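File shown: query-v1.cif (mmCIF, C-alpha atoms).
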```cif
data_final
loop_
_atom_site.label_atom_id
_atom_site.label_comp_id
_atom_site.auth_asym_id
_atom_site.auth_seq_id
_atom_site.Cartn_x
_atom_site.Cartn_y
_atom_site.Cartn_z
CA MET A 1 6.96 -0.55 15.13
CA LEU A 2 3.88 -1.59 17.04
CA TYR A 3 2.55 -5.01 16.04
CA LYS A 4 -0.70 -3.61 14.71
CA ALA A 5 -1.15 -2.95 11.01
CA ASP A 6 -3.81 -0.31 11.71
CA ILE A 7 -2.89 2.11 14.52
CA ARG A 8 -6.58 2.71 15.15
CA GLU A 9 -6.57 -0.79 16.66
CA VAL A 10 -3.72 -0.06 19.09
CA THR A 11 -4.83 -0.60 22.70
CA ILE A 12 -3.45 0.10 26.16
CA LYS A 13 -2.31 -3.53 26.30
CA ASP A 14 -0.18 -3.03 23.19
CA LEU A 15 1.49 -0.01 24.78
CA GLU A 16 1.95 -1.75 28.11
CA ALA A 17 3.60 -4.66 26.29
CA LEU A 18 6.31 -2.25 25.09
CA LYS A 19 7.03 -1.33 28.70
CA ASP A 20 6.67 -4.80 30.21
CA ASN A 21 8.94 -6.38 27.60
CA GLN A 22 11.33 -3.42 27.67
CA ILE A 23 11.20 -3.01 23.87
CA PRO A 24 13.96 -0.50 23.08
CA GLU A 25 13.97 2.35 20.61
CA SER A 26 15.10 1.22 17.18
CA HIS A 27 15.16 2.16 13.51
CA THR A 28 11.35 1.95 13.51
CA LEU A 29 10.40 2.96 17.07
CA ASP A 30 10.94 6.14 19.11
CA TYR A 31 9.67 7.45 22.46
CA LYS A 32 8.89 11.06 23.46
CA ARG A 33 7.50 12.60 26.62
CA GLU A 34 6.02 15.93 25.52
CA PHE A 35 3.22 16.52 23.04
CA PRO A 36 4.46 19.48 20.97
CA THR A 37 2.30 22.59 21.04
CA ASP A 38 4.83 25.33 20.19
CA ARG A 39 6.83 25.77 16.98
CA ASP A 40 10.14 24.54 18.41
CA GLY A 41 8.55 21.37 19.74
CA ARG A 42 6.88 20.69 16.42
CA LEU A 43 10.12 21.33 14.53
CA SER A 44 11.79 18.68 16.71
CA LEU A 45 8.96 16.25 16.00
CA ALA A 46 9.14 17.06 12.28
CA ALA A 47 12.81 16.02 12.31
CA ASP A 48 11.85 12.64 13.81
CA VAL A 49 9.11 12.13 11.24
CA VAL A 50 11.44 13.08 8.38
CA ALA A 51 14.02 10.58 9.63
CA PHE A 52 11.44 7.78 9.65
CA ALA A 53 10.20 8.68 6.16
CA ASN A 54 13.76 8.76 4.79
CA THR A 55 14.58 5.28 6.10
CA ARG A 56 12.16 2.44 6.96
CA GLY A 57 9.18 4.27 8.39
CA GLY A 58 8.16 3.80 12.02
CA ASP A 59 6.08 4.69 15.08
CA LEU A 60 6.65 7.59 17.44
CA ILE A 61 5.06 7.08 20.88
CA ILE A 62 4.38 10.37 22.70
CA GLY A 63 3.57 10.45 26.41
CA VAL A 64 6.26 8.26 27.97
CA ASP A 65 9.35 8.64 30.13
CA GLU A 66 12.23 6.56 28.78
CA SER A 67 15.48 5.42 30.29
CA GLU A 68 18.29 3.94 28.22
CA GLY A 69 15.94 3.70 25.27
CA CYS A 70 13.15 1.78 27.05
CA ILE A 71 9.88 2.97 28.58
CA ARG A 72 10.14 3.66 32.30
CA ASN A 73 6.73 5.23 32.91
CA PHE A 74 3.71 6.43 30.97
CA VAL A 75 2.98 10.14 31.23
CA PRO A 76 -0.50 10.54 29.67
CA ILE A 77 -1.06 13.81 27.81
CA SER A 78 -3.96 16.07 28.69
CA LEU A 79 -5.84 17.05 25.52
CA ASN A 80 -8.93 19.22 25.89
CA ASP A 81 -9.99 18.46 22.33
CA ARG A 82 -8.30 15.30 21.10
CA ASP A 83 -9.41 15.57 17.48
CA ALA A 84 -8.43 19.23 17.21
CA ALA A 85 -5.02 18.53 18.77
CA LEU A 86 -4.26 15.69 16.36
CA LEU A 87 -5.48 17.69 13.38
CA GLY A 88 -3.32 20.64 14.41
CA LEU A 89 -0.24 18.44 14.72
CA GLN A 90 -0.91 16.77 11.37
CA SER A 91 -1.30 20.17 9.72
CA ALA A 92 1.93 21.40 11.31
CA LEU A 93 3.86 18.41 10.01
CA THR A 94 2.56 19.14 6.52
CA ASP A 95 3.75 22.75 6.77
CA LEU A 96 7.15 21.98 8.32
CA VAL A 97 8.30 19.20 5.98
CA GLU A 98 9.15 19.27 2.28
CA PRO A 99 8.23 17.55 0.15
CA LYS A 100 5.06 16.55 1.94
CA ILE A 101 5.11 13.03 3.41
CA PRO A 102 1.96 11.14 2.35
CA GLY A 103 0.36 8.55 4.59
CA ILE A 104 1.19 9.90 8.08
CA HIS A 105 -1.39 8.70 10.63
CA LEU A 106 -2.00 9.85 14.20
CA ALA A 107 -3.94 8.12 16.95
CA ALA A 108 -4.63 8.94 20.61
CA ILE A 109 -5.11 6.02 22.99
CA SER A 110 -6.96 6.84 26.19
CA MET A 111 -4.97 6.06 29.36
CA GLY A 112 -6.16 7.21 32.75
CA SER A 113 -7.03 10.90 32.59
CA GLY A 114 -5.06 11.52 29.41
CA PHE A 115 -3.82 10.04 26.15
CA ILE A 116 -0.78 8.36 24.63
CA VAL A 117 -0.32 9.63 21.07
CA VAL A 118 1.06 7.43 18.29
CA VAL A 119 2.45 8.99 15.10
CA ARG A 120 2.98 6.43 12.34
CA THR A 121 5.15 7.46 9.38
CA PRO A 122 5.50 5.22 6.30
CA ALA A 123 8.71 4.81 4.35
CA SER A 124 8.36 7.38 1.59
CA PHE A 125 8.69 6.98 -2.16
CA GLN A 126 9.30 10.73 -2.40
CA ALA A 127 12.35 10.68 -0.13
CA PRO A 128 14.54 12.38 0.77
CA HIS A 129 12.49 14.80 2.88
CA ARG A 130 13.82 17.66 4.93
CA VAL A 131 12.68 20.01 7.68
CA ARG A 132 11.68 23.21 5.91
CA LYS A 133 13.14 25.75 8.37
CA SER A 134 16.60 24.19 8.75
CA SER A 135 16.73 22.53 5.29
CA ILE A 136 18.31 19.50 6.98
CA PHE A 137 17.67 15.95 5.73
CA TYR A 138 17.57 13.40 8.55
CA ALA A 139 17.91 9.61 8.65
CA ARG A 140 16.91 7.23 11.44
CA THR A 141 19.48 5.11 13.26
CA SER A 142 19.01 2.51 15.99
CA THR A 143 19.57 5.16 18.67
CA GLY A 144 18.14 8.35 17.21
CA ILE A 145 18.42 10.58 14.16
CA ASP A 146 21.39 12.01 12.26
CA PRO A 147 21.71 14.47 9.38
CA MET A 148 22.14 12.64 6.08
CA ASP A 149 25.56 12.85 4.44
CA ILE A 150 26.22 13.02 0.71
CA THR A 151 26.30 9.24 0.30
CA THR A 152 22.96 8.60 2.02
CA LEU A 153 21.38 11.54 0.19
CA ARG A 154 22.51 10.13 -3.15
CA SER A 155 21.05 6.73 -2.22
CA ALA A 156 17.76 8.33 -1.22
CA PHE A 157 17.47 10.18 -4.54
CA LEU A 158 18.17 6.93 -6.41
CA GLN A 159 15.48 5.15 -4.40
CA ASN A 160 12.71 6.47 -6.65
CA SER A 161 14.02 4.79 -9.77
CA THR A 162 14.84 1.66 -7.77
CA ALA A 163 11.25 1.39 -6.56
CA ILE A 164 9.92 1.67 -10.12
CA GLU A 165 12.29 -1.02 -11.36
CA LYS A 166 11.33 -3.33 -8.47
CA ALA A 167 7.63 -2.82 -9.20
CA LYS A 168 8.13 -3.58 -12.90
CA ALA A 169 10.21 -6.67 -12.13
CA PHE A 170 7.57 -7.95 -9.70
CA ARG A 171 4.81 -7.62 -12.29
CA ALA A 172 6.88 -9.20 -15.07
CA LYS A 173 7.75 -12.20 -12.90
CA ARG A 174 4.16 -12.74 -11.77
CA ILE A 175 2.84 -12.63 -15.33
CA GLU A 176 5.62 -14.85 -16.70
CA GLU A 177 4.86 -17.53 -14.08
CA MET A 178 1.09 -17.12 -14.12
CA HIS A 179 0.29 -20.51 -15.65
CA LEU A 180 3.11 -22.30 -13.85
CA ARG A 181 2.07 -21.61 -10.27
CA PRO A 182 0.06 -24.18 -8.27
CA LEU A 183 -3.52 -22.93 -8.02
CA PRO A 184 -6.68 -24.37 -6.41
CA VAL A 185 -8.18 -24.80 -9.89
CA PRO A 186 -6.64 -24.04 -13.32
CA LEU A 187 -6.48 -20.58 -14.85
CA PRO A 188 -8.23 -20.40 -18.22
CA LYS A 189 -5.94 -19.98 -21.23
CA ARG A 190 -8.04 -17.08 -22.47
CA ALA A 191 -7.33 -13.34 -22.17
CA LEU A 192 -6.97 -12.27 -18.54
CA GLY A 193 -7.15 -8.92 -16.79
CA VAL A 194 -4.54 -8.46 -14.05
CA LEU A 195 -4.33 -5.68 -11.46
CA HIS A 196 -1.36 -5.20 -9.13
CA VAL A 197 -1.52 -2.87 -6.14
CA LEU A 198 1.98 -2.42 -4.69
CA PRO A 199 2.42 -0.12 -1.66
CA MET A 200 5.81 1.57 -1.35
CA ALA A 201 6.36 -0.03 2.05
CA SER A 202 5.95 -3.46 0.42
CA ILE A 203 8.42 -2.66 -2.36
CA PHE A 204 11.04 -1.43 0.11
CA GLY A 205 10.71 -4.63 2.15
CA THR A 206 9.64 -2.88 5.37
CA THR A 207 6.46 -4.92 5.89
CA SER A 208 5.79 -8.56 6.68
CA PHE A 209 2.50 -9.97 7.97
CA GLU A 210 1.64 -13.18 9.74
CA ILE A 211 -0.51 -15.69 7.86
CA GLU A 212 -3.26 -15.44 10.51
CA ALA A 213 -3.62 -11.71 9.87
CA LEU A 214 -3.58 -12.18 6.09
CA HIS A 215 -6.17 -14.96 6.28
CA SER A 216 -8.52 -12.76 8.29
CA ILE A 217 -8.16 -9.95 5.74
CA ALA A 218 -8.53 -12.30 2.74
CA GLN A 219 -11.85 -13.52 4.11
CA SER A 220 -13.31 -10.06 3.50
CA VAL A 221 -11.70 -9.58 0.07
CA ARG A 222 -14.21 -10.69 -2.55
CA PRO A 223 -12.47 -11.42 -5.88
CA PRO A 224 -13.76 -9.58 -8.98
CA LEU A 225 -17.24 -10.71 -10.10
CA ALA A 226 -17.28 -13.46 -7.48
CA HIS A 227 -20.34 -14.56 -5.53
CA GLY A 228 -19.22 -17.52 -3.47
CA TYR A 229 -15.50 -17.65 -2.72
CA GLY A 230 -12.99 -19.28 -0.38
CA GLN A 231 -9.43 -18.85 0.86
CA ARG A 232 -6.27 -20.85 0.44
CA VAL A 233 -2.90 -20.36 2.14
CA ASN A 234 0.11 -20.53 -0.19
CA LEU A 235 3.79 -19.63 -0.15
CA ASP A 236 3.02 -16.05 -1.19
CA GLY A 237 0.39 -15.42 1.48
CA VAL A 238 -3.34 -16.07 1.24
CA MET A 239 -5.49 -16.30 -1.89
CA SER A 240 -9.19 -15.51 -2.00
CA TYR A 241 -10.59 -17.30 -5.04
CA CYS A 242 -13.78 -18.22 -6.91
CA GLY A 243 -14.07 -21.23 -9.22
CA VAL A 244 -14.65 -24.99 -9.35
CA ASP A 245 -13.48 -26.43 -12.68
CA GLU A 246 -11.48 -23.32 -13.57
CA LEU A 247 -10.83 -20.00 -11.85
CA VAL A 248 -13.47 -17.33 -12.29
CA SER A 249 -11.24 -14.83 -10.47
CA TYR A 250 -8.91 -14.48 -7.51
CA THR A 251 -7.20 -11.94 -5.29
CA GLN A 252 -3.81 -12.77 -3.80
CA VAL A 253 -2.85 -11.01 -0.55
CA PHE A 254 0.93 -11.22 -0.30
CA ARG A 255 2.97 -11.47 2.88
CA ASP A 256 4.34 -7.96 2.30
CA GLY A 257 0.85 -6.47 1.82
CA SER A 258 0.85 -6.28 -1.98
CA LEU A 259 -2.33 -7.29 -3.81
CA GLU A 260 -2.97 -9.07 -7.12
CA SER A 261 -6.40 -9.53 -8.70
CA ILE A 262 -7.08 -11.59 -11.83
CA MET A 263 -10.18 -12.39 -13.87
CA PRO A 264 -10.80 -13.58 -17.46
CA VAL A 265 -11.96 -10.89 -19.88
CA GLN A 266 -12.72 -13.36 -22.66
CA SER A 267 -15.38 -16.07 -22.63
CA ASP A 268 -15.06 -19.48 -24.27
CA ARG A 269 -17.79 -18.50 -26.74
CA ASP A 270 -16.01 -15.86 -28.83
CA ASP A 271 -12.67 -14.13 -29.42
CA ILE A 272 -13.69 -10.74 -28.01
CA ALA A 273 -11.70 -9.43 -25.03
CA TRP A 274 -14.30 -7.59 -22.97
CA VAL A 275 -11.88 -5.33 -21.09
CA GLY A 276 -14.76 -3.16 -19.96
CA GLU A 277 -16.01 -6.03 -17.78
CA PHE A 278 -12.84 -5.83 -15.73
CA GLU A 279 -13.21 -2.08 -15.34
CA ASN A 280 -16.83 -2.51 -14.27
CA ALA A 281 -15.84 -5.15 -11.72
CA LEU A 282 -13.26 -2.80 -10.22
CA ARG A 283 -15.57 0.19 -10.14
CA GLN A 284 -18.63 -1.66 -8.86
CA GLY A 285 -17.22 -3.15 -5.71
CA HIS A 286 -13.78 -4.69 -5.99
CA HIS A 287 -12.01 -1.36 -5.47
CA VAL A 288 -13.70 -1.07 -2.09
CA HIS A 289 -12.45 -4.54 -1.10
CA LEU A 290 -8.89 -3.64 -2.12
CA THR A 291 -8.87 -0.33 -0.26
CA THR A 292 -10.33 -1.98 2.85
CA ALA A 293 -7.62 -4.66 2.74
CA LEU A 294 -4.81 -2.08 2.59
CA GLN A 295 -6.47 -0.02 5.29
CA ASN A 296 -6.64 -3.05 7.58
CA LEU A 297 -2.98 -3.75 6.82
CA GLY A 298 -2.09 -0.17 7.73
CA LEU A 299 -0.62 0.49 4.28
CA ASP A 300 -2.14 3.84 3.41
CA GLY A 301 0.73 5.50 1.61
CA PRO A 302 2.16 5.93 -1.88
CA THR A 303 1.17 2.96 -4.02
CA PHE A 304 1.92 1.70 -7.52
CA LEU A 305 -1.14 0.67 -9.53
CA MET A 306 -0.39 -1.55 -12.54
CA LEU A 307 -2.93 -2.88 -15.03
CA SER A 308 -2.06 -5.70 -17.44
CA PHE A 309 -3.83 -7.95 -19.94
CA VAL A 310 -2.42 -11.40 -20.65
CA ASN A 311 -2.98 -13.32 -23.93
CA ILE A 312 -4.77 -10.33 -25.43
CA GLY A 313 -2.68 -9.83 -28.58
CA GLY A 314 -4.79 -9.91 -31.75
CA LYS A 315 -8.07 -9.98 -29.81
CA PRO A 316 -10.93 -7.69 -30.87
CA LEU A 317 -12.31 -5.41 -28.14
CA GLU A 318 -15.82 -5.14 -29.57
CA PRO A 319 -18.22 -7.03 -31.87
CA PRO A 320 -17.80 -6.36 -35.61
CA ASN A 321 -21.40 -5.08 -35.80
CA SER A 322 -21.03 -2.52 -33.00
CA THR A 323 -21.96 1.13 -33.55
CA ILE A 324 -18.41 2.33 -32.96
CA ALA A 325 -17.02 -0.21 -35.43
CA ALA A 326 -19.49 1.02 -38.03
CA ILE A 327 -18.50 4.66 -37.44
CA THR A 328 -14.76 4.07 -37.45
CA GLY A 329 -14.83 1.59 -40.31
CA GLY A 330 -13.36 -1.35 -38.40
CA THR A 331 -13.31 -3.30 -35.18
CA ALA A 332 -10.96 -2.10 -32.45
CA THR A 333 -8.35 -4.84 -32.06
CA VAL A 334 -5.23 -5.11 -29.90
CA PRO A 335 -2.22 -5.46 -32.24
CA GLY A 336 -0.93 -9.02 -32.47
CA TYR A 337 2.60 -8.12 -31.36
CA TYR A 338 1.18 -7.27 -27.91
CA LYS A 339 0.90 -10.83 -26.66
CA ASP A 340 0.63 -9.34 -23.17
CA LEU A 341 -0.34 -5.71 -22.73
CA LEU A 342 1.50 -4.23 -19.74
CA LEU A 343 0.24 -0.70 -19.27
CA PRO A 344 2.43 2.01 -17.71
CA GLU A 345 2.49 2.02 -13.94
CA MET A 346 0.55 4.72 -12.08
CA LEU A 347 1.76 6.16 -8.76
CA ILE A 348 -1.03 7.11 -6.36
CA GLU A 349 -0.33 9.15 -3.23
CA SER A 350 -2.94 7.24 -1.23
CA PHE A 351 -4.75 4.23 -2.67
CA VAL A 352 -6.98 3.94 0.41
CA SER A 353 -8.44 7.42 -0.10
CA SER A 354 -8.71 7.10 -3.89
CA SER A 355 -11.97 6.62 -5.78
CA PRO A 356 -12.83 4.05 -8.48
CA GLU A 357 -12.29 6.83 -11.03
CA ILE A 358 -8.53 6.15 -10.91
CA TYR A 359 -8.96 3.21 -13.30
CA GLY A 360 -10.39 5.27 -16.16
CA PRO A 361 -7.06 6.59 -17.55
CA LEU A 362 -5.55 3.09 -17.45
CA PHE A 363 -8.37 1.50 -19.41
CA ASP A 364 -8.26 4.40 -21.91
CA LEU A 365 -4.70 3.29 -22.69
CA VAL A 366 -5.99 -0.11 -23.77
CA TRP A 367 -8.15 1.50 -26.44
CA ASN A 368 -5.23 3.72 -27.47
CA ALA A 369 -3.09 0.62 -27.94
#
```

Just give me the structure as structure tokens.
Amino acid sequence: MLYKADIREVTIKDLEALKDNQIPESHTLDYKREFPTDRDGRLSLAADVVAFANTRGGDLIIGVDESEGCIRNFVPISLNDRDAALLGLQSALTDLVEPKIPGIHLAAISMGSGFIVVVRTPASFQAPHRVRKSSIFYARTSTGIDPMDITTLRSAFLQNSTAIEKAKAFRAKRIEEMHLRPLPVPLPKRALGVLHVLPMASIFGTTSFEIEALHSIAQSVRPPLAHGYGQRVNLDGVMSYCGVDELVSYTQVFRDGSLESIMPVQSDRDDIAWVGEFENALRQGHHVHLTTALQNLGLDGPTFLMLSFVNIGGKPLEPPNSTIAAITGGTATVPGYYKDLLLPEMLIESFVSSSPEIYGPLFDLVWNA
């Protein structure tokens, strides 16, 4: 793939580097000369996109002559209406592939009197995909695409459950080691709200970012309820944190593009776990920071969203003199056997294009517990 997380930032120099360095086609990179305008051309392109989605994801560069898998010359494409052409191609890919592949992005980079078009396809959680007309499932190899055999199809169908198990294991490990990890300042021992945002590409191990890129992104990620905040590089990536004597909150940006945000939901003055404060923090600004981070990382695809509360067992969720407590005849309290409350994971087709309303159903589950 191109070494740019966001294909909107791809420049002529990035494309020329592929040619100058003779970067060959691979599992995650393919070259094409013609921009498809007829149905047959788009069917051929759909097969390439399906193959990327069914394996590791990748970039398709359109508008180049290649020889032995490397770029020989650029052949810029003439597009009378660039936006309309890209929209038409995106729409065609949606119609020609089943199930639909979320997170495909197209960009047109101006070169001379024309454009070089880049089609970026993420690895898909909903794999395997197939071309609708032929009903063929394709996989990407180092030299091209091949129809998937029974073995690879079976593996692709099992990938869904594997991704869920990996996401659950990641969350469980992070929560188990929460108070053991070296942090800039200590985490309070009170009830904590924890949010994990895990893109499919991160779970499948197809992404890895340099610390410099993560540090730049972390600088613009304000932790929940934070005013002043700083960054710290660690083994996992880069942490953006707020706190002096103890942590007020932090957001960890992992090397694979996953995100973790934590903030206390209980003060040192009472036993109440104010879970609504975490929801408000997410809705009133932090969600925007998270979506911007993933957008800058180029990870706009299927994403697991997981909400957890640590050390919340036995904690009341409201004051005993609240109106609701008076109506219901008692204070809402998380049962004591839930030391940590790990709510069911939610799969979102595109976290970047989601609204803060996505958190509502998750927080409703806390009250149901």

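The coordinates place atom CA of Ala156 of chain A at 26.4 Å from atom CA of Lys32 of chain A.
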
Distance query His105 of chain A at most 8 Å, only C-alpha atoms, self and fewer than 2 positions along chain excluded, as an NGL selection string: :A and (7 or 103 or 107 or 119-121)

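Shortest separation to Gly57 of chain A among A:Asp30, A:Asp6, A:Glu176, A:Glu98 occurs at residue A:Asp30, atoms counted being all atoms listed in the file.
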
Hits of the PyMOL selection byres ((chain A and resi 309-312) around 8) in this structure, as an NGL selection string: :A and (175 or 189-194 or 273 or 307-308 or 313-315 or 334 or 338-342)

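The spacing separating atom CA of Glu165 of chain A from atom CA of Gly237 of chain A amounts to 22.7 Å.
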
Given the PyMOL selection byres ((chain A and resi 247-261) around 8), the residues it picks as a PDB file with C-alpha atoms, in the coordinates of the input:
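Output file expr.pdb follows:
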```pdb
ATOM      1  CA  VAL A 185      -8.180 -24.800  -9.890  1.00  0.00           C
ATOM      2  CA  PRO A 186      -6.640 -24.040 -13.320  1.00  0.00           C
ATOM      3  CA  LEU A 187      -6.480 -20.580 -14.850  1.00  0.00           C
ATOM      4  CA  PRO A 188      -8.230 -20.400 -18.220  1.00  0.00           C
ATOM      5  CA  VAL A 194      -4.540  -8.460 -14.050  1.00  0.00           C
ATOM      6  CA  LEU A 195      -4.330  -5.680 -11.460  1.00  0.00           C
ATOM      7  CA  HIS A 196      -1.360  -5.200  -9.130  1.00  0.00           C
ATOM      8  CA  VAL A 197      -1.520  -2.870  -6.140  1.00  0.00           C
ATOM      9  CA  LEU A 198       1.980  -2.420  -4.690  1.00  0.00           C
ATOM     10  CA  PRO A 199       2.420  -0.120  -1.660  1.00  0.00           C
ATOM     11  CA  SER A 202       5.950  -3.460   0.420  1.00  0.00           C
ATOM     12  CA  GLY A 205      10.710  -4.630   2.150  1.00  0.00           C
ATOM     13  CA  THR A 206       9.640  -2.880   5.370  1.00  0.00           C
ATOM     14  CA  THR A 207       6.460  -4.920   5.890  1.00  0.00           C
ATOM     15  CA  SER A 208       5.790  -8.560   6.680  1.00  0.00           C
ATOM     16  CA  PHE A 209       2.500  -9.970   7.970  1.00  0.00           C
ATOM     17  CA  GLU A 210       1.640 -13.180   9.740  1.00  0.00           C
ATOM     18  CA  ILE A 211      -0.510 -15.690   7.860  1.00  0.00           C
ATOM     19  CA  LEU A 214      -3.580 -12.180   6.090  1.00  0.00           C
ATOM     20  CA  ALA A 218      -8.530 -12.300   2.740  1.00  0.00           C
ATOM     21  CA  VAL A 221     -11.700  -9.580   0.070  1.00  0.00           C
ATOM     22  CA  ARG A 222     -14.210 -10.690  -2.550  1.00  0.00           C
ATOM     23  CA  PRO A 223     -12.470 -11.420  -5.880  1.00  0.00           C
ATOM     24  CA  PRO A 224     -13.760  -9.580  -8.980  1.00  0.00           C
ATOM     25  CA  LEU A 225     -17.240 -10.710 -10.100  1.00  0.00           C
ATOM     26  CA  ALA A 226     -17.280 -13.460  -7.480  1.00  0.00           C
ATOM     27  CA  ASP A 236       3.020 -16.050  -1.190  1.00  0.00           C
ATOM     28  CA  GLY A 237       0.390 -15.420   1.480  1.00  0.00           C
ATOM     29  CA  VAL A 238      -3.340 -16.070   1.240  1.00  0.00           C
ATOM     30  CA  MET A 239      -5.490 -16.300  -1.890  1.00  0.00           C
ATOM     31  CA  SER A 240      -9.190 -15.510  -2.000  1.00  0.00           C
ATOM     32  CA  TYR A 241     -10.590 -17.300  -5.040  1.00  0.00           C
ATOM     33  CA  CYS A 242     -13.780 -18.220  -6.910  1.00  0.00           C
ATOM     34  CA  GLY A 243     -14.070 -21.230  -9.220  1.00  0.00           C
ATOM     35  CA  VAL A 244     -14.650 -24.990  -9.350  1.00  0.00           C
ATOM     36  CA  ASP A 245     -13.480 -26.430 -12.680  1.00  0.00           C
ATOM     37  CA  GLU A 246     -11.480 -23.320 -13.570  1.00  0.00           C
ATOM     38  CA  ILE A 262      -7.080 -11.590 -11.830  1.00  0.00           C
ATOM     39  CA  MET A 263     -10.180 -12.390 -13.870  1.00  0.00           C
ATOM     40  CA  PRO A 264     -10.800 -13.580 -17.460  1.00  0.00           C
ATOM     41  CA  LEU A 290      -8.890  -3.640  -2.120  1.00  0.00           C
ATOM     42  CA  LEU A 294      -4.810  -2.080   2.590  1.00  0.00           C
ATOM     43  CA  LEU A 297      -2.980  -3.750   6.820  1.00  0.00           C
ATOM     44  CA  LEU A 299      -0.620   0.490   4.280  1.00  0.00           C
TER      45      LEU A 299
END
```

So what does the PyMOL selection byres ((chain A and resi 2) around 12) actually pick up in this one, as a ChimeraX atom specification? /A:1,3-18,23-26,28-30,57-61,118-121,207,298

Would you output that residue set with C-alpha atoms, as a PDB file, in the coordinates of the input?
```
ATOM      1  CA  MET A   1       6.960  -0.550  15.130  1.00  0.00           C
ATOM      2  CA  TYR A   3       2.550  -5.010  16.040  1.00  0.00           C
ATOM      3  CA  LYS A   4      -0.700  -3.610  14.710  1.00  0.00           C
ATOM      4  CA  ALA A   5      -1.150  -2.950  11.010  1.00  0.00           C
ATOM      5  CA  ASP A   6      -3.810  -0.310  11.710  1.00  0.00           C
ATOM      6  CA  ILE A   7      -2.890   2.110  14.520  1.00  0.00           C
ATOM      7  CA  ARG A   8      -6.580   2.710  15.150  1.00  0.00           C
ATOM      8  CA  GLU A   9      -6.570  -0.790  16.660  1.00  0.00           C
ATOM      9  CA  VAL A  10      -3.720  -0.060  19.090  1.00  0.00           C
ATOM     10  CA  THR A  11      -4.830  -0.600  22.700  1.00  0.00           C
ATOM     11  CA  ILE A  12      -3.450   0.100  26.160  1.00  0.00           C
ATOM     12  CA  LYS A  13      -2.310  -3.530  26.300  1.00  0.00           C
ATOM     13  CA  ASP A  14      -0.180  -3.030  23.190  1.00  0.00           C
ATOM     14  CA  LEU A  15       1.490  -0.010  24.780  1.00  0.00           C
ATOM     15  CA  GLU A  16       1.950  -1.750  28.110  1.00  0.00           C
ATOM     16  CA  ALA A  17       3.600  -4.660  26.290  1.00  0.00           C
ATOM     17  CA  LEU A  18       6.310  -2.250  25.090  1.00  0.00           C
ATOM     18  CA  ILE A  23      11.200  -3.010  23.870  1.00  0.00           C
ATOM     19  CA  PRO A  24      13.960  -0.500  23.080  1.00  0.00           C
ATOM     20  CA  GLU A  25      13.970   2.350  20.610  1.00  0.00           C
ATOM     21  CA  SER A  26      15.100   1.220  17.180  1.00  0.00           C
ATOM     22  CA  THR A  28      11.350   1.950  13.510  1.00  0.00           C
ATOM     23  CA  LEU A  29      10.400   2.960  17.070  1.00  0.00           C
ATOM     24  CA  ASP A  30      10.940   6.140  19.110  1.00  0.00           C
ATOM     25  CA  GLY A  57       9.180   4.270   8.390  1.00  0.00           C
ATOM     26  CA  GLY A  58       8.160   3.800  12.020  1.00  0.00           C
ATOM     27  CA  ASP A  59       6.080   4.690  15.080  1.00  0.00           C
ATOM     28  CA  LEU A  60       6.650   7.590  17.440  1.00  0.00           C
ATOM     29  CA  ILE A  61       5.060   7.080  20.880  1.00  0.00           C
ATOM     30  CA  VAL A 118       1.060   7.430  18.290  1.00  0.00           C
ATOM     31  CA  VAL A 119       2.450   8.990  15.100  1.00  0.00           C
ATOM     32  CA  ARG A 120       2.980   6.430  12.340  1.00  0.00           C
ATOM     33  CA  THR A 121       5.150   7.460   9.380  1.00  0.00           C
ATOM     34  CA  THR A 207       6.460  -4.920   5.890  1.00  0.00           C
ATOM     35  CA  GLY A 298      -2.090  -0.170   7.730  1.00  0.00           C
TER      36      GLY A 298
END
```

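Between atom CA of Gly63 of chain A and atom CA of His27 of chain A the separation is 19.2 Å.
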
Find, counting all atoms listed in the file, the residue in A:Lys100, A:Pro184, A:Trp367, A:Arg171 that gets nearest to Phe304 of chain A. A:Arg171

From the options A:Glu212, A:Pro102, A:Asp65, A:Pro356, which residue's atoms come nearest to Glu279 of chain A, counting only C-alpha atoms? A:Pro356

Measuring between all atoms listed in the file, which one of A:Tyr138, A:Thr143, A:Ser124, A:Pro36 shows the shortest distance to Cys70 of chain A? A:Thr143

As JSON, what would the box around segment 356-364 of chain A look like: edges along x, y and z, 6 Å added on every side, centre and edge lengths in Å to one decimal?
```
{"center_x": -9.2, "center_y": 4.2, "center_z": -15.2, "size_x": 19.3, "size_y": 17.3, "size_z": 25.4}
```

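With distances restricted to all atoms listed in the file, A:Met200 is the closest residue to Glu349 of chain A from A:Val64, A:Met200, A:Ala51, A:Ile150.
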
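The list of residues with at least one atom within 12 Å of Lys133 of chain A, based on all atoms listed in the file and without residues fewer than 5 positions apart in the same chain, reads Arg39, Asp40, Arg42, Leu43, Ser44, Ala46, Ala47, Leu93, Asp95, Leu96, Val97 and Glu98 of chain A.
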
Quick one: residues within 10 Å of Asn80 of chain A, all atoms listed in the file, excluding same-chain residues fewer than 4 positions away - as a list in words? Ala84, Ala85 and Gly114 of chain A

Given the choices A:Pro316, A:Gly69, A:Gly88, A:Gly336, which gets closest to Phe35 of chain A if the distance is worked out from only C-alpha atoms? A:Gly88

Residues within 9 Å of (-6.6, 15.4, 31.1), file coordinates, counting only C-alpha atoms: what are they? Give the list as a list of chain:residue names. A:Pro76, A:Ile77, A:Ser78, A:Leu79, A:Asn80, A:Gly112, A:Ser113, A:Gly114, A:Phe115

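Every protein, DNA or RNA residue with an atom at most 12 Å from Asp364 of chain A, where all atoms listed in the file count and chain neighbours fewer than 4 positions away do not, is listed here: Val275, Gly276, Glu279, Leu307, Leu343, Pro344, Glu357, Ile358, Tyr359, Gly360, Asn368 and Ala369 of chain A.
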